[in-house]
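Source file: final_24.txt; contents: compact mmCIF, C-alpha atoms.
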# COMPACT_ATOMS: atom_id res chain seq x y z
CA MET J 214 1.38 -20.93 10.20
CA ASN J 215 3.23 -18.65 7.83
CA GLU J 216 6.40 -19.58 6.08
CA TYR J 217 8.90 -16.74 6.04
CA VAL J 218 11.28 -16.20 3.16
CA ILE J 219 13.14 -13.40 4.87
CA GLN J 220 13.97 -13.64 8.55
CA ILE J 221 15.97 -10.85 10.17
CA GLU J 222 16.85 -11.03 13.85
CA GLY J 223 18.51 -8.41 16.03
CA LEU J 224 20.41 -6.92 13.14
CA HIS J 225 23.02 -4.30 14.04
CA VAL J 226 25.12 -2.61 11.37
CA ARG J 227 27.66 0.16 11.93
CA TYR J 228 29.55 2.44 9.61
CA GLY J 229 32.50 3.33 11.83
CA LYS J 230 30.95 4.95 14.87
CA TYR J 231 27.63 5.56 13.19
CA GLU J 232 25.00 2.98 14.04
CA ALA J 233 22.99 2.50 10.83
CA LEU J 234 20.82 -0.36 12.11
CA GLY J 235 20.15 -0.68 15.81
CA GLY J 236 18.47 -4.05 16.16
CA VAL J 237 16.19 -4.78 13.23
CA ASP J 238 13.74 -7.71 13.46
CA LEU J 239 11.60 -8.54 10.46
CA ASN J 240 9.78 -11.51 8.94
CA VAL J 241 8.51 -11.55 5.37
CA PRO J 242 5.80 -14.16 4.58
CA LYS J 243 6.19 -16.28 1.48
CA GLY J 244 4.27 -15.08 -1.56
CA SER J 245 3.58 -11.63 -0.17
CA ILE J 246 4.34 -8.22 -1.57
CA PHE J 247 6.12 -6.48 1.26
CA GLY J 248 6.64 -2.72 1.32
CA PHE J 249 9.60 -1.44 3.29
CA ILE J 250 9.21 2.26 3.98
CA GLY J 251 11.26 4.88 5.72
CA ARG J 252 12.67 8.35 5.26
CA ASN J 253 15.92 8.94 3.44
CA GLY J 254 18.74 7.67 5.64
CA ALA J 255 16.48 5.45 7.78
CA GLY J 256 18.55 2.39 6.85
CA LYS J 257 16.53 0.77 4.06
CA THR J 258 19.42 0.26 1.66
CA THR J 259 21.70 -0.83 4.51
CA THR J 260 19.17 -3.51 5.48
CA ILE J 261 18.90 -4.69 1.88
CA LYS J 262 22.67 -4.77 1.34
CA THR J 263 23.13 -6.75 4.53
CA LEU J 264 20.43 -9.17 3.39
CA LEU J 265 22.38 -9.77 0.21
CA GLY J 266 25.63 -10.34 2.07
CA LEU J 267 27.14 -7.10 0.74
CA LEU J 268 27.62 -5.72 4.27
CA THR J 269 28.72 -7.58 7.37
CA PRO J 270 26.56 -7.01 10.43
CA ARG J 271 28.07 -6.35 13.86
CA ALA J 272 25.41 -8.56 15.42
CA GLY J 273 22.26 -10.43 14.45
CA SER J 274 21.34 -12.75 11.64
CA CYS J 275 19.63 -12.74 8.25
CA ARG J 276 18.14 -15.74 6.54
CA MET J 277 16.63 -15.76 3.08
CA LEU J 278 14.73 -18.80 1.79
CA GLY J 279 16.04 -20.56 4.87
CA LEU J 280 19.68 -19.88 3.98
CA ASP J 281 22.13 -17.98 6.15
CA VAL J 282 23.18 -15.04 4.00
CA GLN J 283 26.58 -14.70 5.66
CA LYS J 284 27.48 -18.36 5.26
CA GLN J 285 25.88 -19.15 1.90
CA PRO J 286 25.92 -15.91 -0.09
CA LEU J 287 26.23 -17.60 -3.48
CA GLU J 288 23.35 -20.00 -2.85
CA VAL J 289 21.29 -17.01 -1.84
CA ARG J 290 22.16 -15.02 -4.97
CA LYS J 291 21.19 -17.96 -7.17
CA ARG J 292 17.69 -17.97 -5.75
CA VAL J 293 17.07 -14.29 -5.16
CA GLY J 294 16.56 -11.49 -7.67
CA TYR J 295 17.96 -8.09 -6.73
CA MET J 296 17.50 -4.70 -8.26
CA ALA J 297 19.78 -2.11 -6.68
CA GLU J 298 18.82 1.47 -6.00
CA ASP J 299 19.61 3.49 -9.12
CA GLN J 300 21.22 0.45 -10.69
CA GLN J 301 24.25 1.24 -12.84
CA MET J 302 24.81 -0.89 -15.92
CA TYR J 303 27.51 -0.80 -18.58
CA GLY J 304 26.36 1.94 -20.91
CA TRP J 305 28.39 0.78 -23.90
CA MET J 306 26.63 -2.60 -24.04
CA THR J 307 23.48 -3.11 -26.04
CA VAL J 308 20.39 -4.49 -24.32
CA ASP J 309 21.03 -7.81 -26.02
CA GLU J 310 24.67 -7.91 -24.87
CA ILE J 311 23.94 -7.09 -21.26
CA ILE J 312 21.19 -9.71 -21.12
CA ARG J 313 23.59 -12.37 -22.43
CA TRP J 314 26.38 -11.19 -20.16
CA VAL J 315 24.30 -11.23 -16.96
CA GLY J 316 22.69 -14.51 -18.03
CA SER J 317 26.08 -16.17 -18.23
CA PHE J 318 26.47 -15.86 -14.44
CA TYR J 319 23.36 -17.89 -13.71
CA PRO J 320 23.11 -21.62 -14.41
CA ALA J 321 19.33 -21.37 -14.10
CA TRP J 322 18.94 -18.46 -16.59
CA ASP J 323 15.70 -18.97 -18.50
CA SER J 324 16.14 -17.58 -22.03
CA THR J 325 12.57 -18.33 -23.09
CA PHE J 326 11.20 -16.47 -20.08
CA VAL J 327 13.63 -13.61 -20.72
CA SER J 328 12.46 -13.15 -24.30
CA HIS J 329 8.90 -13.15 -23.03
CA LEU J 330 9.83 -10.49 -20.44
CA ARG J 331 11.60 -8.44 -23.09
CA GLU J 332 8.46 -8.41 -25.19
CA VAL J 333 6.18 -7.52 -22.30
CA LEU J 334 8.55 -4.77 -21.15
CA GLN J 335 9.00 -3.59 -24.74
CA LEU J 336 12.79 -3.36 -24.65
CA ASP J 337 14.70 -2.94 -27.90
CA LEU J 338 17.59 -5.41 -28.06
CA LYS J 339 19.74 -3.22 -30.28
CA GLN J 340 19.62 -0.10 -28.11
CA ARG J 341 22.70 0.87 -26.15
CA VAL J 342 22.12 0.92 -22.40
CA LYS J 343 23.40 4.51 -22.13
CA ASN J 344 20.67 5.65 -24.55
CA LEU J 345 17.80 4.14 -22.55
CA SER J 346 15.36 6.42 -20.80
CA LYS J 347 15.10 6.24 -17.02
CA GLY J 348 11.95 4.15 -17.34
CA GLN J 349 13.47 1.71 -19.82
CA ASN J 350 16.56 1.51 -17.64
CA SER J 351 14.55 0.30 -14.65
CA LYS J 352 12.62 -2.13 -16.83
CA LEU J 353 15.93 -3.58 -18.00
CA ALA J 354 17.19 -3.81 -14.43
CA LEU J 355 13.98 -5.62 -13.50
CA LEU J 356 14.40 -8.04 -16.37
CA LEU J 357 17.98 -8.77 -15.31
CA ALA J 358 16.81 -9.41 -11.75
CA LEU J 359 14.15 -11.88 -12.91
CA GLY J 360 15.93 -13.86 -15.63
CA HIS J 361 16.93 -16.73 -13.37
CA ARG J 362 13.34 -17.17 -12.14
CA PRO J 363 13.99 -16.27 -8.50
CA GLN J 364 11.43 -17.21 -5.83
CA LEU J 365 12.17 -13.97 -4.00
CA VAL J 366 12.84 -10.56 -5.50
CA ILE J 367 14.31 -7.60 -3.67
CA LEU J 368 13.79 -4.20 -5.23
CA ASP J 369 15.58 -1.26 -3.66
CA ASP J 370 13.53 1.83 -4.43
CA PRO J 371 12.70 0.57 -7.92
CA THR J 372 10.62 3.55 -8.98
CA LEU J 373 13.05 6.24 -7.86
CA GLY J 374 13.17 8.98 -10.45
CA LEU J 375 10.40 7.58 -12.64
CA ASP J 376 7.56 9.77 -13.78
CA PRO J 377 4.04 8.91 -12.50
CA ILE J 378 3.06 6.98 -15.62
CA ALA J 379 6.25 4.90 -15.68
CA ARG J 380 5.82 4.26 -11.94
CA LYS J 381 2.35 2.91 -12.32
CA GLU J 382 3.44 0.81 -15.27
CA PHE J 383 6.31 -0.59 -13.24
CA LEU J 384 4.01 -1.51 -10.35
CA ARG J 385 1.67 -3.15 -12.81
CA TYR J 386 4.54 -5.39 -13.90
CA VAL J 387 5.22 -6.27 -10.29
CA ILE J 388 1.62 -7.49 -10.07
CA SER J 389 1.45 -9.24 -13.42
CA LEU J 390 4.94 -10.71 -13.62
CA LEU J 391 5.62 -11.51 -9.99
CA GLN J 392 2.48 -11.78 -7.90
CA ASN J 393 0.90 -13.91 -10.61
CA GLU J 394 3.81 -16.32 -10.39
CA GLY J 395 3.73 -16.56 -6.62
CA VAL J 396 7.07 -14.77 -6.25
CA THR J 397 7.67 -12.93 -2.97
CA VAL J 398 8.49 -9.26 -3.52
CA PHE J 399 10.30 -7.15 -0.94
CA PHE J 400 10.55 -3.55 -2.04
CA SER J 401 11.61 -0.33 -0.46
CA SER J 402 10.27 3.11 -1.14
CA HIS J 403 9.69 6.42 0.53
CA LEU J 404 6.54 7.04 -1.47
CA LEU J 405 3.72 5.78 0.67
CA TYR J 406 0.85 6.29 -1.71
CA GLU J 407 2.78 4.14 -4.11
CA ILE J 408 3.20 1.28 -1.67
CA GLU J 409 -0.37 1.07 -0.46
CA PRO J 410 -2.11 -0.27 -3.58
CA VAL J 411 0.40 -3.05 -4.11
CA ALA J 412 1.66 -4.10 -0.69
CA ASP J 413 0.13 -6.88 1.41
CA TYR J 414 2.36 -5.86 4.31
CA ILE J 415 4.16 -2.70 5.32
CA ALA J 416 7.10 -2.22 7.66
CA ILE J 417 8.17 1.24 8.74
CA LEU J 418 11.86 1.69 9.39
CA ASP J 419 13.04 4.74 11.29
CA LYS J 420 16.54 5.58 12.52
CA GLY J 421 17.71 2.01 12.07
CA ARG J 422 14.74 0.37 13.82
CA ILE J 423 11.45 -1.14 12.70
CA ILE J 424 8.81 0.91 14.44
CA LYS J 425 5.80 -0.83 12.90
CA ALA J 426 5.16 -3.88 10.74
CA ASP J 427 1.63 -4.95 9.87
CA LYS J 428 -0.78 -5.90 7.13
CA THR J 429 -1.41 -2.80 5.02
CA ILE J 430 -5.14 -2.94 5.58
CA ASP J 431 -4.80 -3.34 9.37
CA LEU J 432 -2.37 -0.47 9.59
CA ARG J 433 -4.77 1.66 7.62
CA GLU J 434 -7.89 0.79 9.59
CA SER J 435 -6.46 0.70 13.09
CA VAL J 436 -4.85 4.13 13.30
CA ARG J 437 -7.30 6.90 14.05
CA LYS J 438 -7.24 10.54 14.89
CA LEU J 439 -9.75 11.53 17.59
CA ILE J 440 -10.69 15.11 18.25
CA ILE J 441 -11.63 15.53 21.90
CA GLU J 442 -12.45 18.26 24.37
CA PRO J 443 -10.08 17.24 27.16
CA ASN J 444 -11.02 17.59 30.81
CA ASN J 445 -8.58 19.00 33.36
CA THR J 446 -7.37 15.68 34.74
CA CYS J 447 -6.47 14.23 31.38
CA ASP J 448 -2.94 12.86 31.01
CA TRP J 449 -1.84 11.99 27.50
CA ARG J 450 0.72 9.45 28.66
CA GLN J 451 -2.12 7.30 30.02
CA ILE J 452 -3.26 6.55 26.49
CA GLN J 453 -1.85 3.27 25.23
CA GLY J 454 -0.52 3.38 21.71
CA LEU J 455 -0.52 7.18 21.56
CA LEU J 456 1.27 8.29 18.39
CA ASP J 457 0.65 12.01 18.35
CA VAL J 458 -1.11 14.72 20.28
CA ALA J 459 -1.72 18.34 19.32
CA VAL J 460 -3.85 20.92 21.10
CA ASP J 461 -5.55 23.83 19.38
CA ASP J 462 -4.86 27.05 21.26
CA GLY J 463 -8.17 28.66 20.43
CA THR J 464 -10.73 25.93 21.04
CA ARG J 465 -8.55 23.88 23.47
CA HIS J 466 -9.57 20.83 21.46
CA ALA J 467 -7.00 18.07 21.27
CA ALA J 468 -6.28 15.93 18.23
CA ILE J 469 -4.88 12.59 19.37
CA THR J 470 -3.65 9.91 17.03
CA VAL J 471 -3.66 6.37 18.41
CA GLU J 472 -2.76 2.99 17.04
CA ASP J 473 -4.93 -0.14 17.46
CA CYS J 474 -7.94 2.09 18.03
CA THR J 475 -10.37 -0.50 19.38
CA PRO J 476 -13.84 0.40 20.73
CA GLU J 477 -12.53 -0.25 24.28
CA LYS J 478 -9.69 2.16 23.73
CA LYS J 479 -12.14 4.78 22.53
CA VAL J 480 -14.23 4.31 25.67
CA ASN J 481 -11.09 4.73 27.75
CA ILE J 482 -10.14 7.90 25.90
CA GLN J 483 -13.63 9.30 26.44
CA THR J 484 -12.98 9.27 30.19
CA MET J 485 -10.40 11.98 29.47
CA GLY J 486 -12.68 14.22 27.51
CA LYS J 487 -15.65 14.52 25.24
CA LEU J 488 -15.21 12.91 21.83
CA ILE J 489 -16.04 15.45 19.17
CA ARG J 490 -15.26 13.48 16.06
CA GLU J 491 -13.16 10.71 14.63
CA VAL J 492 -10.99 11.26 11.59
CA PRO J 493 -9.60 8.46 9.43
CA LEU J 494 -6.07 9.10 8.18
CA ASN J 495 -4.29 8.42 4.95
CA LEU J 496 -1.07 6.47 4.86
CA ASP J 497 1.15 9.56 4.71
CA GLU J 498 -0.45 10.90 7.86
CA ILE J 499 -0.12 7.53 9.59
CA PHE J 500 3.56 7.36 8.64
CA GLU J 501 4.10 10.88 9.93
CA ALA J 502 2.42 10.04 13.24
CA TYR J 503 4.68 7.04 13.72
CA VAL J 504 7.88 8.77 12.69
CA ILE J 505 7.62 12.29 14.07
CA GLY J 506 4.54 12.11 16.31
CA ASN J 507 4.47 13.82 19.69
CA ARG J 508 3.91 11.05 22.24
CA GLY J 509 3.06 13.46 25.02
CA GLU J 510 6.68 13.88 26.22
CA ARG J 511 6.66 17.36 24.84
CA LYS J 512 4.00 19.85 25.74
CA PRO J 513 1.35 19.47 23.05
CA LEU J 514 1.44 22.33 20.54
CA MET K 734 -15.00 -1.28 -18.68
CA LEU K 735 -15.74 -0.44 -15.10
CA PHE K 736 -14.25 3.05 -15.01
CA LEU K 737 -12.97 2.79 -11.47
CA ARG K 738 -10.92 5.56 -10.01
CA ILE K 739 -8.49 5.21 -7.14
CA GLU K 740 -7.47 8.18 -5.11
CA PRO K 741 -4.12 7.28 -3.58
CA SER K 742 -3.96 10.04 -0.98
CA SER K 743 -7.50 9.50 0.29
CA ALA K 744 -8.13 8.46 3.88
CA VAL K 745 -10.44 5.72 2.56
CA PRO K 746 -8.55 2.43 2.18
CA ILE K 747 -8.15 1.33 -1.41
CA TYR K 748 -10.25 -1.84 -1.14
CA ARG K 749 -13.13 0.26 0.15
CA GLN K 750 -12.75 2.79 -2.64
CA ILE K 751 -12.98 0.00 -5.20
CA MET K 752 -15.78 -1.80 -3.37
CA GLU K 753 -17.94 1.30 -3.01
CA GLN K 754 -17.58 2.23 -6.67
CA ILE K 755 -18.53 -1.25 -7.84
CA ARG K 756 -21.41 -1.38 -5.39
CA ASP K 757 -22.72 1.97 -6.63
CA GLN K 758 -22.59 0.75 -10.20
CA ILE K 759 -24.45 -2.46 -9.35
CA ILE K 760 -27.27 -0.97 -7.34
CA SER K 761 -27.76 1.97 -9.67
CA GLY K 762 -28.14 -0.49 -12.53
CA GLN K 763 -25.10 0.69 -14.53
CA LEU K 764 -23.87 -2.89 -14.35
CA THR K 765 -26.57 -5.28 -15.47
CA ILE K 766 -27.64 -8.55 -13.87
CA GLY K 767 -25.66 -11.48 -15.18
CA GLN K 768 -22.89 -9.33 -16.63
CA GLN K 769 -19.43 -10.83 -16.15
CA MET K 770 -16.86 -8.98 -14.06
CA PRO K 771 -13.20 -8.92 -15.13
CA SER K 772 -11.13 -11.64 -13.50
CA VAL K 773 -9.29 -10.78 -10.28
CA ARG K 774 -6.04 -10.86 -12.20
CA GLN K 775 -7.29 -8.58 -14.98
CA LEU K 776 -8.74 -5.98 -12.66
CA ALA K 777 -5.64 -6.02 -10.44
CA GLU K 778 -3.41 -5.39 -13.43
CA GLU K 779 -5.68 -2.74 -14.87
CA LEU K 780 -5.76 -0.79 -11.62
CA ALA K 781 -2.17 -1.68 -10.66
CA VAL K 782 -3.32 -2.92 -7.26
CA ASN K 783 -2.55 -6.10 -5.36
CA GLN K 784 -4.62 -9.11 -6.44
CA ASN K 785 -5.54 -9.82 -2.83
CA THR K 786 -7.20 -6.40 -2.66
CA VAL K 787 -9.44 -7.24 -5.63
CA LEU K 788 -10.08 -10.69 -4.20
CA LYS K 789 -11.21 -9.10 -0.94
CA VAL K 790 -13.54 -6.72 -2.79
CA TYR K 791 -15.12 -9.54 -4.81
CA GLY K 792 -15.39 -11.69 -1.69
CA GLU K 793 -17.20 -9.00 0.30
CA LEU K 794 -19.55 -8.11 -2.54
CA CYS K 795 -20.38 -11.82 -2.91
CA ARG K 796 -21.17 -12.02 0.80
CA GLU K 797 -23.46 -9.03 0.39
CA GLY K 798 -25.15 -10.86 -2.46
CA LEU K 799 -24.26 -8.28 -5.09
CA LEU K 800 -21.82 -10.52 -6.95
CA LYS K 801 -21.84 -14.23 -7.63
CA MET K 802 -18.73 -16.31 -8.09
CA GLU K 803 -19.22 -19.31 -10.29
CA ARG K 804 -16.50 -21.89 -10.06
CA GLY K 805 -14.52 -22.13 -13.24
CA SER K 806 -16.47 -19.52 -15.17
CA GLY K 807 -15.90 -16.28 -13.27
CA THR K 808 -17.65 -13.57 -11.28
CA PHE K 809 -21.01 -12.13 -12.32
CA ILE K 810 -23.42 -9.43 -11.23
CA ALA K 811 -25.98 -11.16 -9.02
CA ASP K 812 -29.72 -10.94 -9.42
CA VAL K 813 -30.51 -8.13 -7.01
CA SER K 814 -34.20 -7.34 -6.50
CA SER K 815 -35.27 -3.88 -7.59
CA ALA K 816 -36.65 -3.28 -4.09
CA ARG K 817 -33.24 -3.87 -2.59
CA ARG K 818 -31.58 -1.73 -5.21
CA ALA K 819 -33.94 1.15 -4.51
CA ASP K 820 -33.39 0.73 -0.79
CA GLU K 821 -29.60 0.79 -1.08
CA CYS K 822 -29.65 3.76 -3.42
CA GLU K 823 -31.63 5.64 -0.81
CA GLN K 824 -29.16 4.67 1.87
CA ILE K 825 -26.27 6.02 -0.13
CA VAL K 826 -28.02 9.32 -0.78
CA ALA K 827 -29.06 9.49 2.89
CA ARG K 828 -25.42 9.11 3.93
CA ILE K 829 -24.31 11.98 1.74
CA LEU K 830 -27.20 14.11 2.98
CA GLY K 831 -26.12 13.24 6.50
CA GLN K 832 -22.76 14.81 5.81
CA ALA K 833 -24.46 17.88 4.42
CA VAL K 834 -26.61 18.12 7.55
CA GLU K 835 -23.50 17.92 9.75
CA LYS K 836 -21.91 20.71 7.78
CA ALA K 837 -25.10 22.77 7.92
CA ARG K 838 -25.37 22.39 11.69
CA ASN K 839 -21.77 23.48 12.11
CA MET K 840 -22.62 26.58 10.11
CA ASN K 841 -25.92 27.23 11.85
CA ILE K 842 -28.02 26.64 8.77
CA GLY K 843 -31.53 25.52 9.69
CA ILE K 844 -33.75 22.86 8.16
CA GLU K 845 -35.87 25.35 6.19
CA THR K 846 -32.84 26.83 4.48
CA MET K 847 -31.51 23.33 3.85
CA GLU K 848 -34.74 22.26 2.17
CA GLU K 849 -34.60 25.34 0.03
CA LEU K 850 -30.99 24.68 -0.93
CA LEU K 851 -31.74 21.04 -1.73
CA ARG K 852 -34.57 22.02 -4.08
CA LYS K 853 -32.43 24.61 -5.82
CA GLU K 854 -29.56 22.17 -6.31
CA TYR K 855 -31.89 19.48 -7.60
CA GLN K 856 -33.44 21.86 -10.06
CA LYS K 857 -30.08 23.16 -11.22
CA ARG K 858 -28.84 19.68 -12.03
CA THR K 859 -31.92 18.16 -13.58
CA GLY K 860 -33.60 21.13 -15.12
CA GLU K 861 -36.84 19.86 -13.58
CA PRO K 862 -39.20 22.38 -12.01
CA ARG K 863 -39.42 22.08 -8.28
Kindly present the structure from the file in structure tokens form.
Amino acid sequence: MNEYVIQIEGLHVRYGKYEALGGVDLNVPKGSIFGFIGRNGAGKTTTIKTLLGLLTPRAGSCRMLGLDVQKQPLEVRKRVGYMAEDQQMYGWMTVDEIIRWVGSFYPAWDSTFVSHLREVLQLDLKQRVKNLSKGQNSKLALLLALGHRPQLVILDDPTLGLDPIARKEFLRYVISLLQNEGVTVFFSSHLLYEIEPVADYIAILDKGRIIKADKTIDLRESVRKLIIEPNNTCDWRQIQGLLDVAVDDGTRHAAITVEDCTPEKKVNIQTMGKLIREVPLNLDEIFEAYVIGNRGERKPL
Amino acid sequence: MLFLRIEPSSAVPIYRQIMEQIRDQIISGQLTIGQQMPSVRQLAEELAVNQNTVLKVYGELCREGLLKMERGSGTFIADVSSARRADECEQIVARILGQAVEKARNMNIGIETMEELLRKEYQKRTGEPR
């Protein structure tokens, strides 16, 4: 059915004794915009660096565009665009110089496309890199990642530190310059509201594991918070896909957050108590439920 | 210009936010029959949202008969009968009133008071005598 341009299987990465990735599995469909979200320290950058062959995994495999990233790192780099988190570039170079310099590494560098990009991104060739604003800096990094016309682009937290206007502008370029061309975009962020409008798919990484990967719209529509008046026999652990439960001390009402909230599941939950109302959640709340939700192991608050 | 507004932190998915705003504008007559919509690409760039989201919105509104996609030339506002428009406008208002009723019930406000409040609000906003 789908062709995957990134395939990660059972990926384990350690820094000394610290296990940064504890078995990551992930498939990224061709042509999609894929949002990779997680808290700081969840392992997003580690995953990306391993994908690019910059870190050696203890176990597991990564393929990009069908190529094994450990065995064919150069082939991979020729076909993939990469923008590092907070990318550092030689400050003393001018925009023109750095474009030529980076271009010289790539046989497939497309100068015509690059001048088009430079115009769209409104970068001044004569400016020194160290004098660029944060926003211009990330536009330059994007240009350098795209100059060789990659089929797959990996952006590690590309909007980090940008103001809201520059962020929106940057995302607009992702749509107009990449999605339009059929390029697959894999980008990490910890800003959920930023991911939602642009991502076809979302994967949530937490403590070195993928805890959820789904189409954005399905993730959004399938997680629900139900407020119920629980009866005495109700046992939270009986609820399949329970993400979070909290009980109000005063009213004794329980707020339960469940994934894949199908009508059948709702019927099942109503055997445990009277349904008072159903509350749709925003993406931040969904993320929170997945990452720090109380699954009924603890006594509900 | 469509003047669409996306609220990123809302619990309403983005495609529905866009769809409902366009639908409102069609059935209230702000967008006129036969008027051309921006292309999927244009609207996606303007709103900085995924093109598939806009495609989904256009697709659903076409299925509802509010938009019409014409191969090669673009997407247009469909010919919606005034009866249907009036009917859908009423449905939208009814839904909002429904929420108000829920709130009123929670606060033990009865129907008589609600009617009174509705008249006052209407008058305040239109300047029309009740």
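Relative to atom CA of J:Lys487, atom CA of J:Asn507 is found at 20.9 Å.
You will find atom CA of J:Lys438 at 5.0 Å from atom CA of J:Val492.
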Can you pull out every residue within 9 Å of stretch 771-779 of chain K, counting all atoms listed in the file, but drop anything in the same chain fewer than 2 positions away, and send it as a list in words? Leu384, Arg385, Tyr386, Ile388, Ser389 and Asn393 of chain J; Met734, Leu735, Gln769, Ala781, Val782, Asn783, Gln784, Asn785, Thr786, Val787, Leu788, Tyr791, Gly807, Thr808 and Phe809 of chain K
Do me a favour and pick out the residues of chain J within 6 Å of chain K, using only C-alpha atoms, as a ChimeraX atom specification. /J:385,406,410-411,493-495
Kindly provide, as a ChimeraX atom specification, the polymer residues lying within 7 Å of (-14.2, 20.2, 26.6), counting only C-alpha atoms and using the coordinates exactly as they appear in the file. /J:442-444,466,486-487
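Counting from atom CA of K:Gln750, the distance to atom CA of K:Arg852 is 29.1 Å.
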Near-stretch 418-421 of chain J list (8 Å; only C-alpha atoms; drop same-chain fewer than 2 positions) as a list in words: Glu232, Ala233, Leu234, Gly235, Gly236, Val237, Phe249, Ile250, Gly251, Arg252, Gly254, Ala255, Gly256, Lys257, Ala416, Ile423, Ile424, Lys425 and Val504 of chain J
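Environment of (13.9, 6.1, -13.7): residues at most 10 Å away, judged by all atoms listed in the file, are Asp299, Gln300, Leu345, Ser346, Lys347, Gly348, Gln349, Asn350, Ser351, Lys352, Pro371, Thr372, Leu373, Gly374, Leu375, Asp376, Ala379 and Arg380 of chain J.
Each of K:Gln832, K:Thr859, K:Thr765, K:Gln824 was checked against K:Leu799 using all atoms listed in the file; the smallest atom-to-atom distance is that of K:Thr765.
Nearest-residue note for K:Gln754: choosing from K:Ile766, K:Ser815, K:Gly843, K:Leu794, the minimum distance belongs to K:Leu794, counting all atoms listed in the file.
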Non-local contacts of J:Arg508 (6 Å; all atoms listed in the file; under 3 positions in same chain excluded) as a count of residues only: 3
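With all atoms listed in the file as the basis for measurement, J:Leu265 is the residue among J:Ala467, J:Leu432, J:Leu265, J:Ile367 that approaches J:Lys284 most closely.
For the residues J:Ala354, J:Arg362, J:Gly395, J:Glu288, ranking by smallest atom-to-atom distance to J:Asp323 using all atoms listed in the file places J:Arg362 first.
Nearest-residue note for K:Gly792: choosing from K:Met752, K:Arg818, K:Arg838, K:Glu848, the minimum distance belongs to K:Met752, counting only C-alpha atoms.
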With a distance cut-off of 12 Å and all atoms listed in the file, select the neighbouring residues of stretch 399-401 of chain J, excluding the residue or stretch itself and same-chain residues fewer than 6 positions from it, and output the selection as a compact mmCIF listing (two decimals) with C-alpha atoms, in the frame of the given file.
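That gives us result07.txt:
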# COMPACT_ATOMS: atom_id res chain seq x y z
CA TYR J 217 8.90 -16.74 6.04
CA VAL J 218 11.28 -16.20 3.16
CA ILE J 219 13.14 -13.40 4.87
CA LEU J 239 11.60 -8.54 10.46
CA ASN J 240 9.78 -11.51 8.94
CA VAL J 241 8.51 -11.55 5.37
CA PRO J 242 5.80 -14.16 4.58
CA LYS J 243 6.19 -16.28 1.48
CA GLY J 244 4.27 -15.08 -1.56
CA SER J 245 3.58 -11.63 -0.17
CA ILE J 246 4.34 -8.22 -1.57
CA PHE J 247 6.12 -6.48 1.26
CA GLY J 248 6.64 -2.72 1.32
CA PHE J 249 9.60 -1.44 3.29
CA ILE J 250 9.21 2.26 3.98
CA GLY J 251 11.26 4.88 5.72
CA ARG J 252 12.67 8.35 5.26
CA ASN J 253 15.92 8.94 3.44
CA ALA J 255 16.48 5.45 7.78
CA GLY J 256 18.55 2.39 6.85
CA LYS J 257 16.53 0.77 4.06
CA THR J 258 19.42 0.26 1.66
CA THR J 259 21.70 -0.83 4.51
CA THR J 260 19.17 -3.51 5.48
CA ILE J 261 18.90 -4.69 1.88
CA LEU J 264 20.43 -9.17 3.39
CA MET J 277 16.63 -15.76 3.08
CA VAL J 293 17.07 -14.29 -5.16
CA GLY J 294 16.56 -11.49 -7.67
CA TYR J 295 17.96 -8.09 -6.73
CA MET J 296 17.50 -4.70 -8.26
CA ALA J 297 19.78 -2.11 -6.68
CA GLU J 298 18.82 1.47 -6.00
CA GLN J 364 11.43 -17.21 -5.83
CA LEU J 365 12.17 -13.97 -4.00
CA VAL J 366 12.84 -10.56 -5.50
CA ILE J 367 14.31 -7.60 -3.67
CA LEU J 368 13.79 -4.20 -5.23
CA ASP J 369 15.58 -1.26 -3.66
CA ASP J 370 13.53 1.83 -4.43
CA PRO J 371 12.70 0.57 -7.92
CA THR J 372 10.62 3.55 -8.98
CA LEU J 373 13.05 6.24 -7.86
CA LEU J 384 4.01 -1.51 -10.35
CA VAL J 387 5.22 -6.27 -10.29
CA LEU J 391 5.62 -11.51 -9.99
CA GLN J 392 2.48 -11.78 -7.90
CA GLU J 407 2.78 4.14 -4.11
CA ILE J 408 3.20 1.28 -1.67
CA GLU J 409 -0.37 1.07 -0.46
CA VAL J 411 0.40 -3.05 -4.11
CA ALA J 412 1.66 -4.10 -0.69
CA ASP J 413 0.13 -6.88 1.41
CA TYR J 414 2.36 -5.86 4.31
CA ILE J 415 4.16 -2.70 5.32
CA ALA J 416 7.10 -2.22 7.66
CA ILE J 417 8.17 1.24 8.74
CA LEU J 418 11.86 1.69 9.39
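Within the 12 Å cut-off around K:Val834, using only C-alpha atoms and omitting residues fewer than 2 positions from it on the same chain, the listed residues are Ala827, Arg828, Ile829, Leu830, Gly831, Gln832, Lys836, Ala837, Arg838, Asn839, Met840, Asn841, Ile842, Gly843, Ile844, Glu845, Thr846, Met847, Glu848, Leu850 and Leu851 of chain K.
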